[in-house]
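Visitor: Structure in structure tokens, see below.
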Amino acid sequence: MPRTTLITNIASLVTNDPVQGDGGPLGLMTDAAVVLEGETIAWVGPTAKAPSADETYDAAGRAAIPGFVDSHSHLVFAGDRTQEFNARMSGRAYEAGGIRTTVAATRAATDAALEANLTHYLEEALRQGTTTFETKSGYGLNTEDESRALRIAARHTDEVTFLGAHIVSPDYAEDPAAYVDLVTGEMLDACAPHARWIDVFCEKGAFDGDQARAILTAGMAKGLHPRIHANQLSYGPGVQLAVELDAASADHCTHLTSEDIDALANSSTVATLLPGAEFSTRAEWPDARRLLDAGATVALSTDCNPGSSFTSSVPFCIALAVRDMGMTPDEAIWSATAGGAAALRRTDVGRVTVGARADLALLDAPSHVHLAYRPGVPLVDEVWRRGARVA
């Protein structure tokens, strides 16, 4: 039998189970305890009623939350775009074309260099409480480099996304239709075995609605599930296409019409908000309040990438969402955990319930509210992943 560990004396515990604790969406419990059995959670309840276990660990009055679920990142890349960021902060507007700089560096990098970079940022994210993450290709933009990016990513996560349609490859700048044919043909054939998801950047300067539909439906025919970069830089067809195709997530959702919000609210597509991108590009903030009030499911993720959101910190994104996007601290923590799980169509992560994966973050604070209340402070004190203390 797997060994059991009792974590006791938790000042406040976010379970994301409305049946637990205070009965709210967070299922908040005070003076709580959790029993881990191997890689899963075996019991949750008051410390006073905790069963015995092989080992006991004292949380010493700290708060505990589910491990963060970062459902949108771009971590297989080489180089950085410091000069671009510096210029943008000096007054130049963000444009999608900056991706080409990273494409050149990524193509030139060895497999070992790409994997070392990936693991560096994964370890950085883990120390900040992220225990589940999705990551994409998208910086190869040819068959060889897209497929190798996915092979590397798949060694570290099951949540791998084929994003050959990040922008039109520089090699096809004069013939975008031929690039769409490549993405939906030879490149898709090479990449589909290594991915779970297919994504497309549906935006002016990248792919229009018809191109995005062709790319996503081709991926679906190969067994990949759709998600989409939608409505980041301008109003467009991305959100409506996401709902039409039952995409797991429409990501960014910065520029939304009332019809877009209604469509999301009446679908199973999650609106994944990425405030790091708005912070790093000085762009308009997504209106989380409108989405939540309409009944849409919202996730918060980092969009960690070297161009428009070079942060691996979910706590930072929580603070931004509360300060600038109209979310309450409770809504933000739910969106960064259970919301991220919903964006990946997962029920085994993002919550602290019996049978869920034993992923927890202990905070150097008595409450999850401190993640927004004390922005920039490294409050994630310990991280447990699959039942083991890893940070």
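By order of appearance in the structure tokens: chains A, B, ..., then residues from 1 within every chain, and ligands from 1 in the order shown.
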Give me, as CSV, the closest atom pair and its distance (Å, one decimal) for every residue of range 216-287 of chain A within a cut-off of 10 Å of range 184-200 of chain A, counting only C-alpha atoms, rows sorted by chain and rising number.
Guide:
residue,atom,partner,partner_atom,distance
A:Leu216,CA,A:Ile198,CA,6.5
A:Thr217,CA,A:Thr184,CA,8.9
A:Ala218,CA,A:Thr184,CA,5.8
A:Gly219,CA,A:Ile198,CA,6.1
A:Met220,CA,A:Ile198,CA,7.8
A:Lys222,CA,A:Ala192,CA,6.8
A:Gly223,CA,A:Ala192,CA,7.9
A:Leu224,CA,A:Trp197,CA,4.9
A:His225,CA,A:Trp197,CA,4.7
A:Pro226,CA,A:Ile198,CA,5.0
A:Arg227,CA,A:Asp199,CA,5.0
A:Ile228,CA,A:Asp199,CA,4.9
A:His229,CA,A:Val200,CA,6.0
A:Ala230,CA,A:Val200,CA,8.6
A:Gly238,CA,A:Val200,CA,9.3
A:Ala247,CA,A:Asp199,CA,9.4
A:Ala248,CA,A:Trp197,CA,9.3
A:Ser249,CA,A:Asp199,CA,9.7
A:Ala250,CA,A:Asp199,CA,9.7
A:Asp251,CA,A:Asp199,CA,9.9
Visitor: Could the residues in this selection be written to a file with N, CA and C atoms, as a PDB file, in the first residue's frame?
Guide:
ATOM      1  N   LEU A 216      -7.780  24.308 -37.288  1.00  0.00           N
ATOM      2  CA  LEU A 216      -8.319  23.596 -36.132  1.00  0.00           C
ATOM      3  C   LEU A 216      -9.091  22.352 -36.545  1.00  0.00           C
ATOM      4  N   THR A 217      -9.879  22.435 -37.600  1.00  0.00           N
ATOM      5  CA  THR A 217     -10.647  21.255 -38.006  1.00  0.00           C
ATOM      6  C   THR A 217      -9.729  20.156 -38.543  1.00  0.00           C
ATOM      7  N   ALA A 218      -8.628  20.540 -39.185  1.00  0.00           N
ATOM      8  CA  ALA A 218      -7.658  19.532 -39.620  1.00  0.00           C
ATOM      9  C   ALA A 218      -7.052  18.819 -38.417  1.00  0.00           C
ATOM     10  N   GLY A 219      -6.728  19.586 -37.391  1.00  0.00           N
ATOM     11  CA  GLY A 219      -6.192  18.978 -36.178  1.00  0.00           C
ATOM     12  C   GLY A 219      -7.199  18.073 -35.497  1.00  0.00           C
ATOM     13  N   MET A 220      -8.458  18.502 -35.459  1.00  0.00           N
ATOM     14  CA  MET A 220      -9.497  17.674 -34.846  1.00  0.00           C
ATOM     15  C   MET A 220      -9.651  16.348 -35.586  1.00  0.00           C
ATOM     16  N   LYS A 222      -7.370  14.727 -36.823  1.00  0.00           N
ATOM     17  CA  LYS A 222      -6.230  13.894 -36.399  1.00  0.00           C
ATOM     18  C   LYS A 222      -6.314  13.515 -34.923  1.00  0.00           C
ATOM     19  N   GLY A 223      -7.420  13.881 -34.262  1.00  0.00           N
ATOM     20  CA  GLY A 223      -7.600  13.510 -32.859  1.00  0.00           C
ATOM     21  C   GLY A 223      -7.124  14.532 -31.860  1.00  0.00           C
ATOM     22  N   LEU A 224      -6.704  15.721 -32.326  1.00  0.00           N
ATOM     23  CA  LEU A 224      -6.286  16.771 -31.408  1.00  0.00           C
ATOM     24  C   LEU A 224      -7.494  17.610 -31.004  1.00  0.00           C
ATOM     25  N   HIS A 225      -7.453  18.141 -29.788  1.00  0.00           N
ATOM     26  CA  HIS A 225      -8.555  18.957 -29.278  1.00  0.00           C
ATOM     27  C   HIS A 225      -8.201  20.429 -29.473  1.00  0.00           C
ATOM     28  N   PRO A 226      -9.188  21.265 -29.857  1.00  0.00           N
ATOM     29  CA  PRO A 226      -8.867  22.659 -30.187  1.00  0.00           C
ATOM     30  C   PRO A 226      -8.832  23.597 -28.986  1.00  0.00           C
ATOM     31  N   ARG A 227      -7.980  24.576 -29.085  1.00  0.00           N
ATOM     32  CA  ARG A 227      -7.944  25.770 -28.245  1.00  0.00           C
ATOM     33  C   ARG A 227      -7.474  26.899 -29.162  1.00  0.00           C
ATOM     34  N   ILE A 228      -7.617  28.130 -28.773  1.00  0.00           N
ATOM     35  CA  ILE A 228      -7.358  29.203 -29.730  1.00  0.00           C
ATOM     36  C   ILE A 228      -6.906  30.474 -29.022  1.00  0.00           C
ATOM     37  N   HIS A 229      -5.910  31.149 -29.600  1.00  0.00           N
ATOM     38  CA  HIS A 229      -5.561  32.519 -29.218  1.00  0.00           C
ATOM     39  C   HIS A 229      -6.609  33.430 -29.860  1.00  0.00           C
ATOM     40  N   ALA A 230      -7.422  34.083 -29.047  1.00  0.00           N
ATOM     41  CA  ALA A 230      -8.582  34.786 -29.596  1.00  0.00           C
ATOM     42  C   ALA A 230      -8.703  36.204 -29.048  1.00  0.00           C
ATOM     43  N   GLY A 238     -12.305  35.043 -33.357  1.00  0.00           N
ATOM     44  CA  GLY A 238     -11.704  33.944 -32.605  1.00  0.00           C
ATOM     45  C   GLY A 238     -12.602  33.329 -31.557  1.00  0.00           C
ATOM     46  N   ALA A 247     -14.054  24.426 -28.504  1.00  0.00           N
ATOM     47  CA  ALA A 247     -12.681  24.500 -28.014  1.00  0.00           C
ATOM     48  C   ALA A 247     -12.670  24.502 -26.496  1.00  0.00           C
ATOM     49  N   ALA A 248     -11.659  23.886 -25.916  1.00  0.00           N
ATOM     50  CA  ALA A 248     -11.557  23.864 -24.459  1.00  0.00           C
ATOM     51  C   ALA A 248     -11.358  25.269 -23.911  1.00  0.00           C
ATOM     52  N   SER A 249     -10.671  26.109 -24.681  1.00  0.00           N
ATOM     53  CA  SER A 249     -10.329  27.426 -24.153  1.00  0.00           C
ATOM     54  C   SER A 249     -10.161  28.428 -25.279  1.00  0.00           C
ATOM     55  N   ALA A 250     -10.672  29.639 -25.051  1.00  0.00           N
ATOM     56  CA  ALA A 250     -10.351  30.802 -25.882  1.00  0.00           C
ATOM     57  C   ALA A 250      -9.448  31.689 -25.036  1.00  0.00           C
ATOM     58  N   ASP A 251      -8.240  31.933 -25.489  1.00  0.00           N
ATOM     59  CA  ASP A 251      -7.213  32.533 -24.651  1.00  0.00           C
ATOM     60  C   ASP A 251      -6.917  33.977 -25.053  1.00  0.00           C
TER      61      ASP A 251
END
Visitor: Using backbone DSSP assignments, extract all strand (DSSP E or B) residues from range 112-240 of chain A; output them as a list of chain:residue names.
Guide: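 Listing strand (DSSP E or B) positions across range 112-240 of chain A yields A:Thr130, A:Thr131, A:Thr132, A:Phe133, A:Thr135, A:Lys136, A:Val160, A:Thr161, A:Phe162, A:Leu163, A:Gly164, A:Ala165, A:Trp197, A:Ile198, A:Asp199, A:Val200, A:Phe201, A:Cys202, A:Phe207, A:His225, A:Pro226, A:Ile228, A:His229, A:Ala230.
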Visitor: How about saving the chosen residues, N, CA and C atoms kept, as a JSON list (two decimals), in the first residue's frame?
Guide:
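What follows is the written file result_30.json:
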[["chain", "number", "residue", "atom", "x", "y", "z"],
["A", 130, "THR", "N", 3.24, 26.24, -9.23],
["A", 130, "THR", "CA", 2.61, 25.63, -10.40],
["A", 130, "THR", "C", 2.95, 24.15, -10.46],
["A", 131, "THR", "N", 1.94, 23.31, -10.39],
["A", 131, "THR", "CA", 2.14, 21.86, -10.39],
["A", 131, "THR", "C", 1.61, 21.18, -11.64],
["A", 132, "THR", "N", 0.81, 21.89, -12.44],
["A", 132, "THR", "CA", 0.33, 21.38, -13.73],
["A", 132, "THR", "C", 0.51, 22.49, -14.75],
["A", 133, "PHE", "N", 1.04, 22.17, -15.92],
["A", 133, "PHE", "CA", 1.22, 23.21, -16.91],
["A", 133, "PHE", "C", 1.00, 22.64, -18.31],
["A", 135, "THR", "N", 2.10, 23.53, -22.37],
["A", 135, "THR", "CA", 3.02, 24.34, -23.15],
["A", 135, "THR", "C", 2.90, 23.99, -24.62],
["A", 136, "LYS", "N", 3.36, 24.91, -25.47],
["A", 136, "LYS", "CA", 3.10, 24.86, -26.90],
["A", 136, "LYS", "C", 4.40, 24.83, -27.70],
["A", 160, "VAL", "N", 0.41, 19.06, -24.04],
["A", 160, "VAL", "CA", 1.27, 19.59, -25.10],
["A", 160, "VAL", "C", 0.39, 20.06, -26.26],
["A", 161, "THR", "N", 0.67, 21.25, -26.76],
["A", 161, "THR", "CA", -0.14, 21.87, -27.80],
["A", 161, "THR", "C", 0.68, 22.15, -29.05],
["A", 162, "PHE", "N", 0.15, 21.72, -30.21],
["A", 162, "PHE", "CA", 0.75, 22.02, -31.50],
["A", 162, "PHE", "C", 0.30, 23.40, -31.94],
["A", 163, "LEU", "N", 1.24, 24.34, -32.05],
["A", 163, "LEU", "CA", 0.95, 25.71, -32.46],
["A", 163, "LEU", "C", 1.81, 26.08, -33.67],
["A", 164, "GLY", "N", 1.77, 25.23, -34.68],
["A", 164, "GLY", "CA", 2.46, 25.59, -35.92],
["A", 164, "GLY", "C", 1.89, 26.85, -36.52],
["A", 165, "ALA", "N", 0.62, 27.15, -36.19],
["A", 165, "ALA", "CA", -0.05, 28.35, -36.67],
["A", 165, "ALA", "C", 0.06, 29.48, -35.65],
["A", 197, "TRP", "N", -3.31, 18.83, -27.97],
["A", 197, "TRP", "CA", -4.09, 19.99, -28.37],
["A", 197, "TRP", "C", -3.58, 20.57, -29.67],
["A", 198, "ILE", "N", -4.45, 21.33, -30.36],
["A", 198, "ILE", "CA", -4.03, 22.15, -31.49],
["A", 198, "ILE", "C", -4.53, 23.57, -31.24],
["A", 199, "ASP", "N", -3.71, 24.55, -31.58],
["A", 199, "ASP", "CA", -3.98, 25.96, -31.30],
["A", 199, "ASP", "C", -3.67, 26.77, -32.55],
["A", 200, "VAL", "N", -4.22, 27.98, -32.62],
["A", 200, "VAL", "CA", -3.93, 28.91, -33.71],
["A", 200, "VAL", "C", -4.08, 30.33, -33.17],
["A", 201, "PHE", "N", -3.22, 31.22, -33.65],
["A", 201, "PHE", "CA", -3.30, 32.63, -33.29],
["A", 201, "PHE", "C", -4.21, 33.30, -34.31],
["A", 202, "CYS", "N", -5.46, 33.47, -33.95],
["A", 202, "CYS", "CA", -6.46, 34.08, -34.83],
["A", 202, "CYS", "C", -6.46, 35.58, -34.59],
["A", 207, "PHE", "N", -3.51, 34.77, -38.43],
["A", 207, "PHE", "CA", -4.43, 33.97, -39.24],
["A", 207, "PHE", "C", -5.86, 34.48, -39.09],
["A", 225, "HIS", "N", -7.45, 18.14, -29.79],
["A", 225, "HIS", "CA", -8.56, 18.96, -29.28],
["A", 225, "HIS", "C", -8.20, 20.43, -29.47],
["A", 226, "PRO", "N", -9.19, 21.27, -29.86],
["A", 226, "PRO", "CA", -8.87, 22.66, -30.19],
["A", 226, "PRO", "C", -8.83, 23.60, -28.99],
["A", 228, "ILE", "N", -7.62, 28.13, -28.77],
["A", 228, "ILE", "CA", -7.36, 29.20, -29.73],
["A", 228, "ILE", "C", -6.91, 30.47, -29.02],
["A", 229, "HIS", "N", -5.91, 31.15, -29.60],
["A", 229, "HIS", "CA", -5.56, 32.52, -29.22],
["A", 229, "HIS", "C", -6.61, 33.43, -29.86],
["A", 230, "ALA", "N", -7.42, 34.08, -29.05],
["A", 230, "ALA", "CA", -8.58, 34.79, -29.60],
["A", 230, "ALA", "C", -8.70, 36.20, -29.05]]
Visitor: In Å, with one decimal, what is the gap from CA of Val354 in chain A to CA of Ala391 in chain A?
Guide: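 Computed distance, CA of Val354 in chain A to CA of Ala391 in chain A, equals 22.8 Å.
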Visitor: Can you pull out the residues contacting range 305-319 of chain A? Cut-off 8 Å, using only C-alpha atoms, and skip same-chain residues under 3 positions away; I want them as number ranges by chain.
Guide: A: 68, 70, 73-75, 77, 79-81, 84-85, 94, 98-99, 102, 121, 124-125, 128-130, 274-281, 300-302, 322-323, 329, 332-333, 336, 371-373, 375-376
Visitor: Quick check, in Å to one decimal: how far apart do CA of Arg345 in chain A and CA of Glu134 in chain A lie?
Guide: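 So the answer is 11.8 Å.
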Visitor: Would you mind writing down, as a PyMOL selection string, each residue of range 130-339 of chain A that DSSP on the backbone assigns to helix (DSSP H, G or I)?
Guide: chain A and resi 143-154+170-172+176-184+186-194+209-221+238-244+258-265+275-281+288-294+314-324+329-339
Visitor: Hey, can you check how far CA of Ala214 in chain A sits from CA of Val180 in chain A?
Guide: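 For CA of Ala214 in chain A relative to CA of Val180 in chain A, the distance reads 8.2 Å.
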Visitor: Which of these residues is nearest to Trp285 in chain A, using only C-alpha atoms: A:Pro18, A:Ser267, A:Met325, A:Thr143?
Guide: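 Checking each of A:Pro18, A:Ser267, A:Met325, A:Thr143 against Trp285 in chain A, counting only C-alpha atoms, the winner is A:Met325.
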Visitor: Using only C-alpha atoms, which residues sit within 6 Å of Thr15 in chain A once same-chain residues fewer than 5 positions away are excluded, as number ranges by chain?
Guide: A: 26-27, 351-352
Visitor: Quick one: write out the picked residues with N, CA and C atoms as an mmCIF file, in the first residue's frame?
Guide:
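The result, stored in again_27.cif:
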data_model
loop_
_atom_site.group_PDB
_atom_site.id
_atom_site.type_symbol
_atom_site.label_atom_id
_atom_site.label_comp_id
_atom_site.auth_asym_id
_atom_site.auth_seq_id
_atom_site.Cartn_x
_atom_site.Cartn_y
_atom_site.Cartn_z
ATOM 1 N N LEU A 26 -14.953 28.256 -3.199
ATOM 2 C CA LEU A 26 -13.623 27.784 -2.789
ATOM 3 C C LEU A 26 -13.681 26.622 -1.814
ATOM 4 N N GLY A 27 -14.835 26.320 -1.250
ATOM 5 C CA GLY A 27 -14.899 25.264 -0.234
ATOM 6 C C GLY A 27 -13.881 25.509 0.855
ATOM 7 N N ARG A 351 -7.868 21.166 -7.434
ATOM 8 C CA ARG A 351 -8.781 21.061 -6.292
ATOM 9 C C ARG A 351 -8.146 20.145 -5.247
ATOM 10 N N VAL A 352 -8.594 20.287 -4.013
ATOM 11 C CA VAL A 352 -8.122 19.424 -2.926
ATOM 12 C C VAL A 352 -9.331 18.617 -2.456
#
Visitor: Using only C-alpha atoms, I'd like a table of the residues in range 155-177 of chain A that come within 12 Å of range 104-108 of chain A; for each, show the closest atom pair and its distance in Å rounded to one decimal, ordered by chain and ascending number, as a tab-separated table.
Guide:
residue	atom	partner	partner_atom	distance
A:Ser169	CA	A:Ala104	CA	10.6
A:Pro170	CA	A:Ala104	CA	9.6
A:Asp171	CA	A:Ala104	CA	11.2
Visitor: Restricting the calculation to only C-alpha atoms, which member of A:Met29, A:Cys253, A:Ala265, A:Leu273 is positioned closest to Gly295 in chain A?
Guide: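 Once distances to Gly295 in chain A are computed over only C-alpha atoms, the minimum belongs to A:Ala265.
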Visitor: Applying 9 Å and only C-alpha atoms, which residues near Gly61 in chain A remain after dropping the ones on its own chain fewer than 6 positions away? List them as JSON, numbers by chain.
Guide: {"A": [8, 9, 10, 11, 12, 31, 365, 366]}
Visitor: Compare A:Thr30, A:Thr47, A:Asn266, A:Thr257 by their minimum atom-to-atom distance to His368 in chain A, counting only C-alpha atoms, and give me the closest one.
Guide: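 Among the listed residues, the smallest separation from His368 in chain A belongs to A:Thr30.
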Visitor: Give the answer as one residue: which of A:Arg290, A:Lys49, A:His252, A:Arg389 has the shortest atom-to-atom distance to Ala361 in chain A, using only C-alpha atoms?
Guide: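 Closest candidate: A:Arg389.
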Visitor: I'd like the contact shell of Glu259 in chain A - 12 Å cut-off, only C-alpha atoms, skipping same-chain residues fewer than 3 positions apart - returned as a PDB file with all heavy atoms, in the first residue's frame.
Guide:
ATOM      1  N   TYR A 235     -10.843  43.193 -31.911  1.00  0.00           N
ATOM      2  CA  TYR A 235     -12.056  42.398 -32.068  1.00  0.00           C
ATOM      3  C   TYR A 235     -11.886  41.497 -33.289  1.00  0.00           C
ATOM      4  O   TYR A 235     -11.257  41.878 -34.276  1.00  0.00           O
ATOM      5  CB  TYR A 235     -13.270  43.308 -32.253  1.00  0.00           C
ATOM      6  CG  TYR A 235     -13.587  44.137 -31.041  1.00  0.00           C
ATOM      7  CD1 TYR A 235     -13.164  45.457 -30.939  1.00  0.00           C
ATOM      8  CD2 TYR A 235     -14.302  43.583 -29.973  1.00  0.00           C
ATOM      9  CE1 TYR A 235     -13.438  46.226 -29.819  1.00  0.00           C
ATOM     10  CE2 TYR A 235     -14.582  44.344 -28.843  1.00  0.00           C
ATOM     11  CZ  TYR A 235     -14.148  45.654 -28.773  1.00  0.00           C
ATOM     12  OH  TYR A 235     -14.417  46.402 -27.655  1.00  0.00           O
ATOM     13  N   GLY A 236     -12.458  40.286 -33.205  1.00  0.00           N
ATOM     14  CA  GLY A 236     -12.307  39.369 -34.323  1.00  0.00           C
ATOM     15  C   GLY A 236     -13.150  38.133 -34.129  1.00  0.00           C
ATOM     16  O   GLY A 236     -13.923  38.015 -33.171  1.00  0.00           O
ATOM     17  N   PRO A 237     -12.997  37.147 -35.014  1.00  0.00           N
ATOM     18  CA  PRO A 237     -13.853  35.968 -35.003  1.00  0.00           C
ATOM     19  C   PRO A 237     -13.402  34.854 -34.067  1.00  0.00           C
ATOM     20  O   PRO A 237     -14.061  33.812 -33.981  1.00  0.00           O
ATOM     21  CB  PRO A 237     -13.775  35.486 -36.456  1.00  0.00           C
ATOM     22  CG  PRO A 237     -12.390  35.873 -36.892  1.00  0.00           C
ATOM     23  CD  PRO A 237     -12.103  37.182 -36.201  1.00  0.00           C
ATOM     24  N   VAL A 239     -13.267  34.151 -30.740  1.00  0.00           N
ATOM     25  CA  VAL A 239     -14.107  33.618 -29.669  1.00  0.00           C
ATOM     26  C   VAL A 239     -15.291  32.852 -30.248  1.00  0.00           C
ATOM     27  O   VAL A 239     -15.621  31.750 -29.787  1.00  0.00           O
ATOM     28  CB  VAL A 239     -14.583  34.749 -28.745  1.00  0.00           C
ATOM     29  CG1 VAL A 239     -15.747  34.282 -27.867  1.00  0.00           C
ATOM     30  CG2 VAL A 239     -13.434  35.213 -27.852  1.00  0.00           C
ATOM     31  N   GLN A 240     -15.935  33.406 -31.260  1.00  0.00           N
ATOM     32  CA  GLN A 240     -17.079  32.720 -31.856  1.00  0.00           C
ATOM     33  C   GLN A 240     -16.653  31.389 -32.478  1.00  0.00           C
ATOM     34  O   GLN A 240     -17.376  30.389 -32.385  1.00  0.00           O
ATOM     35  CB  GLN A 240     -17.740  33.617 -32.910  1.00  0.00           C
ATOM     36  CG  GLN A 240     -18.341  34.895 -32.352  1.00  0.00           C
ATOM     37  CD  GLN A 240     -19.567  34.649 -31.474  1.00  0.00           C
ATOM     38  OE1 GLN A 240     -20.237  33.626 -31.582  1.00  0.00           O
ATOM     39  NE2 GLN A 240     -19.844  35.585 -30.571  1.00  0.00           N
ATOM     40  N   VAL A 243     -16.181  28.762 -29.679  1.00  0.00           N
ATOM     41  CA  VAL A 243     -17.442  28.198 -29.210  1.00  0.00           C
ATOM     42  C   VAL A 243     -18.034  27.263 -30.250  1.00  0.00           C
ATOM     43  O   VAL A 243     -18.532  26.181 -29.932  1.00  0.00           O
ATOM     44  CB  VAL A 243     -18.419  29.329 -28.847  1.00  0.00           C
ATOM     45  CG1 VAL A 243     -19.807  28.781 -28.535  1.00  0.00           C
ATOM     46  CG2 VAL A 243     -17.877  30.127 -27.652  1.00  0.00           C
ATOM     47  N   HIS A 255     -10.545  41.773 -26.211  1.00  0.00           N
ATOM     48  CA  HIS A 255     -11.503  42.609 -26.926  1.00  0.00           C
ATOM     49  C   HIS A 255     -12.737  41.780 -27.250  1.00  0.00           C
ATOM     50  O   HIS A 255     -12.751  41.006 -28.210  1.00  0.00           O
ATOM     51  CB  HIS A 255     -10.865  43.166 -28.204  1.00  0.00           C
ATOM     52  CG  HIS A 255      -9.673  44.020 -27.946  1.00  0.00           C
ATOM     53  ND1 HIS A 255      -9.766  45.358 -27.625  1.00  0.00           N
ATOM     54  CD2 HIS A 255      -8.345  43.720 -27.928  1.00  0.00           C
ATOM     55  CE1 HIS A 255      -8.550  45.859 -27.450  1.00  0.00           C
ATOM     56  NE2 HIS A 255      -7.668  44.881 -27.617  1.00  0.00           N
ATOM     57  N   LEU A 256     -13.780  41.933 -26.440  1.00  0.00           N
ATOM     58  CA  LEU A 256     -14.974  41.106 -26.569  1.00  0.00           C
ATOM     59  C   LEU A 256     -16.221  41.955 -26.775  1.00  0.00           C
ATOM     60  O   LEU A 256     -16.415  42.962 -26.086  1.00  0.00           O
ATOM     61  CB  LEU A 256     -15.173  40.251 -25.312  1.00  0.00           C
ATOM     62  CG  LEU A 256     -14.056  39.280 -24.927  1.00  0.00           C
ATOM     63  CD1 LEU A 256     -14.430  38.523 -23.661  1.00  0.00           C
ATOM     64  CD2 LEU A 256     -13.744  38.316 -26.071  1.00  0.00           C
ATOM     65  N   ASP A 262     -21.718  36.460 -24.337  1.00  0.00           N
ATOM     66  CA  ASP A 262     -22.871  35.570 -24.247  1.00  0.00           C
ATOM     67  C   ASP A 262     -22.522  34.178 -24.782  1.00  0.00           C
ATOM     68  O   ASP A 262     -22.939  33.163 -24.202  1.00  0.00           O
ATOM     69  CB  ASP A 262     -24.048  36.143 -25.037  1.00  0.00           C
ATOM     70  CG  ASP A 262     -24.668  37.357 -24.373  1.00  0.00           C
ATOM     71  OD1 ASP A 262     -24.413  37.573 -23.168  1.00  0.00           O
ATOM     72  OD2 ASP A 262     -25.394  38.090 -25.060  1.00  0.00           O
ATOM     73  N   ALA A 263     -21.776  34.128 -25.872  1.00  0.00           N
ATOM     74  CA  ALA A 263     -21.398  32.839 -26.448  1.00  0.00           C
ATOM     75  C   ALA A 263     -20.555  32.033 -25.464  1.00  0.00           C
ATOM     76  O   ALA A 263     -20.773  30.823 -25.275  1.00  0.00           O
ATOM     77  CB  ALA A 263     -20.639  33.051 -27.757  1.00  0.00           C
ATOM     78  N   LEU A 264     -19.582  32.685 -24.824  1.00  0.00           N
ATOM     79  CA  LEU A 264     -18.751  31.987 -23.840  1.00  0.00           C
ATOM     80  C   LEU A 264     -19.574  31.525 -22.651  1.00  0.00           C
ATOM     81  O   LEU A 264     -19.408  30.398 -22.157  1.00  0.00           O
ATOM     82  CB  LEU A 264     -17.611  32.896 -23.380  1.00  0.00           C
ATOM     83  CG  LEU A 264     -16.506  33.143 -24.403  1.00  0.00           C
ATOM     84  CD1 LEU A 264     -15.639  34.316 -23.984  1.00  0.00           C
ATOM     85  CD2 LEU A 264     -15.655  31.891 -24.597  1.00  0.00           C
ATOM     86  N   ALA A 265     -20.463  32.378 -22.175  1.00  0.00           N
ATOM     87  CA  ALA A 265     -21.263  32.049 -20.993  1.00  0.00           C
ATOM     88  C   ALA A 265     -22.191  30.874 -21.239  1.00  0.00           C
ATOM     89  O   ALA A 265     -22.560  30.167 -20.295  1.00  0.00           O
ATOM     90  CB  ALA A 265     -22.065  33.269 -20.551  1.00  0.00           C
ATOM     91  N   ASN A 266     -22.561  30.653 -22.491  1.00  0.00           N
ATOM     92  CA  ASN A 266     -23.487  29.578 -22.818  1.00  0.00           C
ATOM     93  C   ASN A 266     -22.792  28.407 -23.505  1.00  0.00           C
ATOM     94  O   ASN A 266     -23.406  27.682 -24.292  1.00  0.00           O
ATOM     95  CB  ASN A 266     -24.613  30.117 -23.704  1.00  0.00           C
ATOM     96  CG  ASN A 266     -25.537  31.051 -22.944  1.00  0.00           C
ATOM     97  OD1 ASN A 266     -26.343  30.610 -22.138  1.00  0.00           O
ATOM     98  ND2 ASN A 266     -25.405  32.351 -23.194  1.00  0.00           N
ATOM     99  N   ARG A 290     -17.021  41.467 -16.492  1.00  0.00           N
ATOM    100  CA  ARG A 290     -18.125  41.211 -17.433  1.00  0.00           C
ATOM    101  C   ARG A 290     -18.286  39.725 -17.693  1.00  0.00           C
ATOM    102  O   ARG A 290     -19.419  39.214 -17.764  1.00  0.00           O
ATOM    103  CB  ARG A 290     -17.869  41.924 -18.762  1.00  0.00           C
ATOM    104  CG  ARG A 290     -18.051  43.436 -18.743  1.00  0.00           C
ATOM    105  CD  ARG A 290     -17.731  44.021 -20.099  1.00  0.00           C
ATOM    106  NE  ARG A 290     -18.709  43.654 -21.106  1.00  0.00           N
ATOM    107  CZ  ARG A 290     -18.472  43.681 -22.423  1.00  0.00           C
ATOM    108  NH1 ARG A 290     -17.267  44.029 -22.871  1.00  0.00           N
ATOM    109  NH2 ARG A 290     -19.407  43.354 -23.283  1.00  0.00           N
ATOM    110  N   LEU A 291     -17.192  39.024 -17.862  1.00  0.00           N
ATOM    111  CA  LEU A 291     -17.258  37.589 -18.125  1.00  0.00           C
ATOM    112  C   LEU A 291     -17.858  36.836 -16.941  1.00  0.00           C
ATOM    113  O   LEU A 291     -18.744  35.991 -17.103  1.00  0.00           O
ATOM    114  CB  LEU A 291     -15.857  37.056 -18.431  1.00  0.00           C
ATOM    115  CG  LEU A 291     -15.300  37.412 -19.808  1.00  0.00           C
ATOM    116  CD1 LEU A 291     -13.789  37.257 -19.816  1.00  0.00           C
ATOM    117  CD2 LEU A 291     -15.933  36.520 -20.876  1.00  0.00           C
ATOM    118  N   ALA A 294     -21.552  37.441 -16.377  1.00  0.00           N
ATOM    119  CA  ALA A 294     -22.376  36.789 -17.393  1.00  0.00           C
ATOM    120  C   ALA A 294     -22.469  35.279 -17.176  1.00  0.00           C
ATOM    121  O   ALA A 294     -23.296  34.619 -17.802  1.00  0.00           O
ATOM    122  CB  ALA A 294     -21.810  37.071 -18.778  1.00  0.00           C
TER     123      ALA A 294
END
Visitor: Measuring between only C-alpha atoms, which one of A:Arg346, A:Met1, A:Thr353, A:Ala299 shows the shortest distance to Gly21 in chain A?
Guide: A:Thr353
